[in-house]
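Chemist: There's a structure below that I have some questions on.
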Amino acid sequence: MTTKNGDTTTKSRTLKYNDGATQFRQRLIISILSHRPLLLRNIRSDDLDAPGLREHEASFLRLLDRMTNGTKIEINATGTQLRFKPGVLLGGDIEHDCPIGGTAGRSVGWFLEGIFPLAAFGKEPLQLTLNGVTDGTSDIDPSADYLSSSFIPLLIKFGIGVDDDYPPPVLKVTKRGAAPLGGGSVDFYCPIVKELKAIEFVDFGKVKRVRGTAVSCRIPPSSAARVAHSVKGVMHRLLPDVWIHTDVHSSSGKKIKSGDVGGCGPSPGLSVHLTATTTEGVCLSVECSMNQNINSDSGDVQQHQAIERKNIELPEDLGKRSATLLLQEIYSGGCIDTSAQSFALLMMCLTPEDVSRIRLGQLSQYTIMSLRLYKEAFGVEFKLRADDNGGEGSDEESDDGFGNKKGGGQTVICSCLGTGYRNMSRAST
């Protein structure tokens with residue numbers, strides 16, 4: 001894997017950062033894609049109780065080590081300094097257990113979000129199985145359902161899985177596992193490509209339908225139905241084509257060989273995921289999970305953790321909150337949702353030496369930090385131009401996606417020239 005343009009002396013220089021674990025996954029991804037060693041210093045050095053890397057960060061390093069060949073990882077005794085020398089991406093069949101419980105655990109979505117930019121550039125197609133928490137962490141981590149409706153279509157738009165050599169990428173939840181005890185599992189398949197293709201994604205269109213899934217684990221099945229009814233009560237005021245599926249998993253299930261109960265993990269949970277599709281193929285997704293205020297400070301995650309019933313969010317409130325988030329995402333006017341901005345811009349950096357353009361809503365702080373990182377690693381500068389939602393050359397007042405006029409809500413047209421990144425690990429035919 002290499003880039004057609006770029007200074008070779010720049011590519012061999014080590015990426016050095018002294019601000020600890022900030023953008024931890026992004027910097028590791030950039031190191032692998034740019035073939036530049038990485039040095040991270042002061043990783044939580046001011047935390048006297050627990051300095052250094054967390055368990056989920058060390059687990060992510062182990063996963064990257066399994067996905068590559070020749071990677072060298074050096075961590076000092078206190079865990080506050082990391083030296084990472086990237087190897088060559090391999091792909092293949094990989095199964096990984098994600099840590100669970102308290103501050104040491106993160107959901108499988110946190111790991112998948114870091115793997116997506118690397119998945120298509122291996123020697124073989126990637127078949128990844130992750131075990132752990134799949135739902136209930138939408139405030140900090142994306143769920144597999146959200147990634148499937150938001151990130152997978154972006155992979156296809158960039159030319160991954162569009163030819164006849166391999167099937168398209170797919171992400172499937174094989175077993176639900178709510179936070180904090182997890183117990184779920186997801187399967188992710190991604191084919192390999194020789195190179196990506198430039199995109200032109202600036203037309204928003206009109207919202208034509210809304211689809212969603214209300215997921216409940218080990219709680220009364222009526223809760224998922226109440227969430228779906230609440231979502232439809234808000235969305236039906238704007239358009240008729242709204243359909244919410246209820247995915248109910250009870251506490252009972254068939255015994256499997258290991259003795260665990262099938263169907264879902266041991267923790268109760270309730271979440272909802274919504275996707276709005278427009279006439280131009282834009283898919284905007286949001287997700288919400290029930291706020292349980294679970295006390296997860298205990299070191300033993302296997303112990304029963306008390307839930308204060310008075311602080312549990314009602315299913316009706318959860319449905320209204322998710323519908324409101326979706327309407328806010330539509331109002332922003334971007335062709336991708338806010339959480340996928342940095343991923344889309346990174347893929348634009350790796351496209352052939354042609355101009356790619358995409359329309360975004362308000363840039364998040366994480367996206368702004370990512371733009372600086374991409375400029376340092378790849379030398380790619382994005383041109384940002386404010387524009388209304390009317391599209392190219394439109395003098396009309398912008399609308400809210402449903403045909404109603406609105407004021408304000410400017411979008412940003414992001415354009416860049418790709419680096420011509422090619423997958424040199426893939427065998428030439």
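Residue numbering restarts at 1 for every chain of the structure tokens, chains are lettered A, B, ... in their displayed order, and ligands are numbered from 1 as they appear.
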Range 46-210 of chain A: which residues are strand (DSSP E or B) by DSSP, as an MDAnalysis selection string?
Modeler: chainID A and resid 68:69 72:75 82:85 88:89 92:97 126:132 135 170:176 178 184:190 200:201 207:210
Chemist: So, with only C-alpha atoms as the atoms that count, which of A:Glu113, A:Asp187, A:Glu55, A:Asp65 lies closest to Ile32 in chain A?
Modeler: A:Asp65
Chemist: If we count only C-alpha atoms and set the cut-off at 7 Å, which residues sit around Glu95 in chain A, ignoring sequence neighbours fewer than 5 positions away in its own chain? Please answer as a ChimeraX atom specification.
Modeler: /A:128-130
Chemist: Let's have the selection written as an mmCIF file, in the first residue's frame, with N, CA and C atoms.
Modeler:
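Result written to out-v3.cif:
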data_model
loop_
_atom_site.group_PDB
_atom_site.id
_atom_site.type_symbol
_atom_site.label_atom_id
_atom_site.label_comp_id
_atom_site.auth_asym_id
_atom_site.auth_seq_id
_atom_site.Cartn_x
_atom_site.Cartn_y
_atom_site.Cartn_z
ATOM 1 N N LEU A 128 -14.641 -10.443 10.629
ATOM 2 C CA LEU A 128 -14.363 -10.131 12.029
ATOM 3 C C LEU A 128 -15.574 -10.439 12.899
ATOM 4 N N THR A 129 -15.344 -11.131 14.007
ATOM 5 C CA THR A 129 -16.366 -11.411 15.007
ATOM 6 C C THR A 129 -15.957 -10.761 16.318
ATOM 7 N N LEU A 130 -16.813 -9.893 16.844
ATOM 8 C CA LEU A 130 -16.552 -9.209 18.101
ATOM 9 C C LEU A 130 -17.591 -9.616 19.130
#
Chemist: For the atom pair CA of Ser230 in chain A and CA of Arg218 in chain A, what is the interatomic distance in Å to one decimal place?
Modeler: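 Value for the CA of Ser230 in chain A-CA of Arg218 in chain A distance: 20.5 Å.
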Chemist: As an MDAnalysis selection string, please: every residue in range 29-222 of chain A that a backbone DSSP assignment puts in alpha helix (DSSP H).
Modeler: chainID A and resid 29:34 55:67 108:115 144:157 222
Chemist: Could you dump the residues just selected with C-alpha atoms as a PDB file, in the first residue's frame?
Modeler:
ATOM      1  CA  ILE A  29      -5.335   4.246  12.018  1.00  0.00           C
ATOM      2  CA  ILE A  30      -3.386   7.101  10.438  1.00  0.00           C
ATOM      3  CA  SER A  31      -0.114   5.460  11.449  1.00  0.00           C
ATOM      4  CA  ILE A  32      -1.058   2.214   9.688  1.00  0.00           C
ATOM      5  CA  LEU A  33      -2.413   3.891   6.549  1.00  0.00           C
ATOM      6  CA  SER A  34       0.492   6.339   6.201  1.00  0.00           C
ATOM      7  CA  GLU A  55      -8.101  -1.967  29.226  1.00  0.00           C
ATOM      8  CA  HIS A  56     -10.180  -1.198  26.113  1.00  0.00           C
ATOM      9  CA  GLU A  57      -7.260   0.706  24.535  1.00  0.00           C
ATOM     10  CA  ALA A  58      -4.883  -2.190  25.164  1.00  0.00           C
ATOM     11  CA  SER A  59      -7.505  -4.522  23.715  1.00  0.00           C
ATOM     12  CA  PHE A  60      -7.716  -2.369  20.575  1.00  0.00           C
ATOM     13  CA  LEU A  61      -3.930  -2.602  20.206  1.00  0.00           C
ATOM     14  CA  ARG A  62      -4.142  -6.392  20.452  1.00  0.00           C
ATOM     15  CA  LEU A  63      -6.822  -6.421  17.762  1.00  0.00           C
ATOM     16  CA  LEU A  64      -4.671  -4.302  15.425  1.00  0.00           C
ATOM     17  CA  ASP A  65      -1.730  -6.621  16.085  1.00  0.00           C
ATOM     18  CA  ARG A  66      -3.842  -9.605  14.988  1.00  0.00           C
ATOM     19  CA  MET A  67      -5.001  -7.801  11.852  1.00  0.00           C
ATOM     20  CA  VAL A 108     -18.170  -3.490  20.101  1.00  0.00           C
ATOM     21  CA  GLY A 109     -19.122  -0.330  18.189  1.00  0.00           C
ATOM     22  CA  TRP A 110     -16.094   1.486  19.633  1.00  0.00           C
ATOM     23  CA  PHE A 111     -13.834  -1.187  18.140  1.00  0.00           C
ATOM     24  CA  LEU A 112     -15.706  -1.365  14.830  1.00  0.00           C
ATOM     25  CA  GLU A 113     -15.531   2.409  14.382  1.00  0.00           C
ATOM     26  CA  GLY A 114     -11.756   2.155  14.488  1.00  0.00           C
ATOM     27  CA  ILE A 115     -11.567  -0.877  12.183  1.00  0.00           C
ATOM     28  CA  ALA A 144     -23.800  -2.115  15.464  1.00  0.00           C
ATOM     29  CA  ASP A 145     -27.230  -1.104  14.118  1.00  0.00           C
ATOM     30  CA  TYR A 146     -26.121   2.513  13.743  1.00  0.00           C
ATOM     31  CA  LEU A 147     -22.876   1.531  12.000  1.00  0.00           C
ATOM     32  CA  SER A 148     -24.759  -0.785   9.665  1.00  0.00           C
ATOM     33  CA  SER A 149     -27.108   1.982   8.491  1.00  0.00           C
ATOM     34  CA  SER A 150     -24.582   4.844   8.474  1.00  0.00           C
ATOM     35  CA  PHE A 151     -21.051   3.557   7.787  1.00  0.00           C
ATOM     36  CA  ILE A 152     -21.800   0.580   5.529  1.00  0.00           C
ATOM     37  CA  PRO A 153     -23.539   2.738   2.837  1.00  0.00           C
ATOM     38  CA  LEU A 154     -20.508   5.059   2.902  1.00  0.00           C
ATOM     39  CA  LEU A 155     -18.173   2.127   2.271  1.00  0.00           C
ATOM     40  CA  ILE A 156     -20.253   1.168  -0.754  1.00  0.00           C
ATOM     41  CA  LYS A 157     -20.276   4.757  -2.060  1.00  0.00           C
ATOM     42  CA  SER A 222     -44.447  -3.914  25.728  1.00  0.00           C
TER      43      SER A 222
END
Chemist: At a cut-off of 6 Å, using only C-alpha atoms, what residues contact range 165-174 of chain A? Leave out same-chain residues fewer than 6 positions from it and give the result as a list in words.
Modeler: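 Everything that qualifies: Ser148, Ser185, Val186, Asp187, Phe188, Tyr189, Cys190 and Pro191 of chain A.
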Chemist: Go ahead and save the residues from that selection, with all heavy atoms, as a PDB file, in the first residue's frame.
Modeler:
ATOM      1  N   SER A 148     -24.258  -0.087  10.844  1.00  0.00           N
ATOM      2  CA  SER A 148     -24.759  -0.785   9.665  1.00  0.00           C
ATOM      3  C   SER A 148     -25.546   0.142   8.745  1.00  0.00           C
ATOM      4  O   SER A 148     -25.475   0.014   7.517  1.00  0.00           O
ATOM      5  CB  SER A 148     -25.633  -1.961  10.092  1.00  0.00           C
ATOM      6  OG  SER A 148     -26.162  -2.643   8.981  1.00  0.00           O
ATOM      7  N   SER A 185     -22.791 -10.477  20.381  1.00  0.00           N
ATOM      8  CA  SER A 185     -21.812 -10.806  19.350  1.00  0.00           C
ATOM      9  C   SER A 185     -22.259 -10.201  18.017  1.00  0.00           C
ATOM     10  O   SER A 185     -23.453 -10.170  17.714  1.00  0.00           O
ATOM     11  CB  SER A 185     -21.669 -12.330  19.209  1.00  0.00           C
ATOM     12  OG  SER A 185     -20.732 -12.661  18.202  1.00  0.00           O
ATOM     13  N   VAL A 186     -21.283  -9.712  17.242  1.00  0.00           N
ATOM     14  CA  VAL A 186     -21.552  -9.166  15.913  1.00  0.00           C
ATOM     15  C   VAL A 186     -20.546  -9.751  14.925  1.00  0.00           C
ATOM     16  O   VAL A 186     -19.415 -10.072  15.288  1.00  0.00           O
ATOM     17  CB  VAL A 186     -21.479  -7.627  15.886  1.00  0.00           C
ATOM     18  CG1 VAL A 186     -22.497  -7.023  16.819  1.00  0.00           C
ATOM     19  CG2 VAL A 186     -20.081  -7.133  16.239  1.00  0.00           C
ATOM     20  N   ASP A 187     -20.978  -9.870  13.678  1.00  0.00           N
ATOM     21  CA  ASP A 187     -20.116 -10.334  12.587  1.00  0.00           C
ATOM     22  C   ASP A 187     -19.996  -9.215  11.554  1.00  0.00           C
ATOM     23  O   ASP A 187     -21.009  -8.652  11.122  1.00  0.00           O
ATOM     24  CB  ASP A 187     -20.698 -11.585  11.917  1.00  0.00           C
ATOM     25  CG  ASP A 187     -20.617 -12.807  12.811  1.00  0.00           C
ATOM     26  OD1 ASP A 187     -19.752 -12.827  13.705  1.00  0.00           O
ATOM     27  OD2 ASP A 187     -21.429 -13.735  12.625  1.00  0.00           O
ATOM     28  N   PHE A 188     -18.766  -8.917  11.180  1.00  0.00           N
ATOM     29  CA  PHE A 188     -18.499  -7.873  10.187  1.00  0.00           C
ATOM     30  C   PHE A 188     -17.676  -8.462   9.056  1.00  0.00           C
ATOM     31  O   PHE A 188     -16.614  -9.048   9.274  1.00  0.00           O
ATOM     32  CB  PHE A 188     -17.760  -6.701  10.831  1.00  0.00           C
ATOM     33  CG  PHE A 188     -17.269  -5.667   9.843  1.00  0.00           C
ATOM     34  CD1 PHE A 188     -18.141  -5.093   8.923  1.00  0.00           C
ATOM     35  CD2 PHE A 188     -15.938  -5.273   9.834  1.00  0.00           C
ATOM     36  CE1 PHE A 188     -17.683  -4.151   8.011  1.00  0.00           C
ATOM     37  CE2 PHE A 188     -15.482  -4.329   8.932  1.00  0.00           C
ATOM     38  CZ  PHE A 188     -16.353  -3.764   8.015  1.00  0.00           C
ATOM     39  N   TYR A 189     -18.203  -8.311   7.838  1.00  0.00           N
ATOM     40  CA  TYR A 189     -17.470  -8.751   6.647  1.00  0.00           C
ATOM     41  C   TYR A 189     -17.197  -7.548   5.754  1.00  0.00           C
ATOM     42  O   TYR A 189     -18.087  -6.722   5.519  1.00  0.00           O
ATOM     43  CB  TYR A 189     -18.269  -9.789   5.862  1.00  0.00           C
ATOM     44  CG  TYR A 189     -17.682 -10.080   4.490  1.00  0.00           C
ATOM     45  CD1 TYR A 189     -16.593 -10.929   4.338  1.00  0.00           C
ATOM     46  CD2 TYR A 189     -18.194  -9.455   3.352  1.00  0.00           C
ATOM     47  CE1 TYR A 189     -16.039 -11.180   3.089  1.00  0.00           C
ATOM     48  CE2 TYR A 189     -17.653  -9.690   2.097  1.00  0.00           C
ATOM     49  CZ  TYR A 189     -16.571 -10.552   1.973  1.00  0.00           C
ATOM     50  OH  TYR A 189     -16.016 -10.783   0.738  1.00  0.00           O
ATOM     51  N   CYS A 190     -15.961  -7.450   5.266  1.00  0.00           N
ATOM     52  CA  CYS A 190     -15.609  -6.362   4.351  1.00  0.00           C
ATOM     53  C   CYS A 190     -14.671  -6.892   3.281  1.00  0.00           C
ATOM     54  O   CYS A 190     -13.631  -7.489   3.591  1.00  0.00           O
ATOM     55  CB  CYS A 190     -14.947  -5.208   5.105  1.00  0.00           C
ATOM     56  SG  CYS A 190     -14.561  -3.774   4.061  1.00  0.00           S
ATOM     57  N   PRO A 191     -15.005  -6.726   1.997  1.00  0.00           N
ATOM     58  CA  PRO A 191     -14.109  -7.153   0.923  1.00  0.00           C
ATOM     59  C   PRO A 191     -12.939  -6.190   0.780  1.00  0.00           C
ATOM     60  O   PRO A 191     -12.909  -5.112   1.370  1.00  0.00           O
ATOM     61  CB  PRO A 191     -15.017  -7.115  -0.314  1.00  0.00           C
ATOM     62  CG  PRO A 191     -16.012  -6.040   0.007  1.00  0.00           C
ATOM     63  CD  PRO A 191     -16.242  -6.115   1.483  1.00  0.00           C
TER      64      PRO A 191
END
Chemist: Can you work out which one of A:Glu381, A:Asp141, A:Glu280, A:Asp46 has the shortest atom-to-atom distance to Thr419 in chain A, counting only C-alpha atoms?
Modeler: A:Glu381
Chemist: When distances are computed from only C-alpha atoms, which of A:Val248, A:Ala386, A:Leu40, A:Ile336 shows the smallest separation from Leu284 in chain A?
Modeler: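 Among the listed residues, the smallest separation from Leu284 in chain A belongs to A:Ile336.
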Chemist: Choose the residue, out of A:Leu90, A:Ile358, A:Leu15, A:Ile219, that has the smallest atom-to-atom separation from Ile192 in chain A; count only C-alpha atoms.
Modeler: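 Smallest separation from Ile192 in chain A among the options: A:Leu90.
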Chemist: Skipping near chain neighbours, those fewer than 2 positions away, what residues fall within 12 Å of Ser250 in chain A using only C-alpha atoms, listed as a ChimeraX atom specification?
Modeler: /A:176-177,215-224,247-248,252-254,261-270
Chemist: Could you give me, as an mmCIF file with C-alpha atoms, in the first residue's frame, the residues within 9 Å of Ile244 in chain A, counting only C-alpha atoms and dropping anything in the same chain fewer than 5 positions from it?
Modeler:
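part-v6.cif written:
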data_model
loop_
_atom_site.group_PDB
_atom_site.id
_atom_site.type_symbol
_atom_site.label_atom_id
_atom_site.label_comp_id
_atom_site.auth_asym_id
_atom_site.auth_seq_id
_atom_site.Cartn_x
_atom_site.Cartn_y
_atom_site.Cartn_z
ATOM 1 C CA VAL A 210 -38.151 6.680 8.145
ATOM 2 C CA ARG A 211 -37.224 3.210 9.355
ATOM 3 C CA GLY A 212 -36.157 2.113 12.797
ATOM 4 C CA THR A 213 -35.673 -0.678 15.307
ATOM 5 C CA ALA A 214 -36.605 -0.700 18.980
ATOM 6 C CA ALA A 225 -43.849 -1.287 21.432
ATOM 7 C CA ALA A 228 -42.152 2.559 18.564
ATOM 8 C CA HIS A 229 -45.558 4.146 19.174
ATOM 9 C CA VAL A 231 -41.579 7.647 17.645
ATOM 10 C CA LYS A 232 -44.420 7.297 15.161
ATOM 11 C CA LEU A 274 -33.789 5.447 13.473
#
Chemist: What's around Phe201 in chain A at 8 Å? Count only C-alpha atoms, leave out sequence neighbours fewer than 2 positions away in its own chain, and write the answer as number ranges by chain.
Modeler: A: 199, 203, 335, 357-359
